[in-house]
Amino acid sequence: MRSRLKIVTIAFGAAVVLPLGAGSAFAADADTTAQLAPVALNGVEGSGTAMVSVEGTMLTVTMAASGLLPDAPHAAHIHFGAEARNECPTAADDASGDGTLTTPEGAPAYGGIVVSLTKSGDTSPDSGLAVDRFDTAPGGEISYERGSIEVAPEIADAIASGKAAVVIHGVDHNDSGAYDGDVMSELDPALPTEATDPALCGVLMAAPAGGVATGAGGAASAGTDQGLLMAGGALLVAAAGAGAFAARRATAKV
Amino acid sequence: MSTTSRLDGRHRVLAVAALGLALLGVVALVLAFRGQPGPPQPDAAVTAGEAVAPQDATVPGPAQPQPAVPAAEPAVDFGPVMAGSTPVGLEIPAIGLDTDVLVPLTVGADGVLPAPVDYATAGWHTRGPMPGQLGPAVIAGHVDGPDGEGIFYRLGELVAGDVVTVTREDGTVATFTVDSVGRYPKAEFPTSLVYGNTTSRAEIRLITCGGAFDRTTGHYVDNIVVFGHLTA
């Protein structure tokens, strides 16, 4: 008896927990777009757009950017942090005061890496610095398209609700045409900080809901006015009746 | 004796009244049918469920022999894509539209893209791509105001092949070619098709109102959407 009660309790608990899990996994369908703009202080004269559609926990990413250091790997990620401001960094985020922003300095704004936008293979944060699998921006331009990127439900929700940012890294601060310099990256001591500093950033904003109220009716088709139609008909019938009566009286008098 | 003179006073009044009533009736009927034509409408209302991306369909051809040398990773080709620059002017020669004012439209807390305040001014969706950038750039304008035609009154006349140009702040001009024109009930607006990640090239969407005007709500029941892609 006691064991049966225990089984019933477990079953009940599972029944309550399962729908919650399933619900949050499929509640996040959305279309989002980020305007990629130069990161403050880092001086990249570039721009771009990134579109991320969310279907359940599956992402499709389409991204184009220009104005980047040509023929050099540009790590690109979706960033999000539950404790972050969910925006792109500003000059005030330059904690070191050296006049440029590193990726860790931007973290209070955009959080950590949640998706690595690699061209092939793994897309988890583990591939955040997999420089051999990122776009090398021939001509300074990135053209990126990848679907079927699986993420955790909370990441899908964060993206769908406009809290995630796309960041493209790699800045040629000294205009040498390559990633170099004495300052090494805080993320990977084998790489110059130029290779990982944030170049372009944009917050993924949800698409508008529905259409646009673009009319006030001042030039709308008026069509036929039912009231006037009936009034006109009634007047004509009355006129016919009055006319007929007048004619009959006139004839009768002869 | 003439017929008229045979009518005494009372009957003459009756005859004149009949004539007057007939005239009033005709006037009322003419007024009833004389509605203003209303803005041009695209031919078929498309329901969201039937909506298909107005892009060139990629039809898989017959199997091709593999090249002897393995190709590098296939490059993604988005066609022409321009750098970001704020749109400042719009020209659509087919409907005689030429304006050098475009106001920014910012999605509100309700998630809805607001229409421009001024009926004679079009606006652009600031959270989307700028015209010329990858993705669907959106420009919206009124079909009419309370007293007459709005800037996009003739938008529904556009057909595939018509040209739309957007001048940008950096002096460059984005030239789009219209692919299709759709009319969608606002209740079934194809949000992803219009604003979403459904294009692999730089495209444009021109939005105005269409269909019947609901005098109870003060709104048109449909949206007309012109779809185009960047050609130069």
# chains A, B, ... in the order shown; residues from 1 in each chain; ligands from 1
>>> select_by_dssp(residues="segment 125-217 of chain B", states="strand (DSSP E)", output="count of residues only")
43
>>> closest_residue(among="A:Thr90, A:Ser96, A:Thr196, A:Thr136", to="chain B", atoms="only C-alpha atoms")
A:Thr136
>>> residues_around(residues="Thr193 of chain A", least_positions_apart="6", cutoff="9 Å", atoms="only C-alpha atoms", output="list of chain:residue names")
A:Thr102, A:Thr103, A:Gly170, A:Val171, A:Tyr179, A:Asp180, A:Gly181, A:Asp182, A:Val183, A:Met184, A:Ser185, A:Glu186, A:Leu187
>>> residues_around(residues="Thr86 of chain B", least_positions_apart="4", cutoff="8 Å", atoms="only C-alpha atoms", output="count of residues only")
5
>>> closest_residue(among="B:Pro129, B:Gly156, B:Gly148, B:Gly141", to="Asn197 of chain B", atoms="only C-alpha atoms")
B:Pro129
>>> closest_residue(among="A:Pro198, A:Pro189, A:Pro208, A:Pro104", to="Asp110 of chain B", atoms="only C-alpha atoms")
A:Pro208
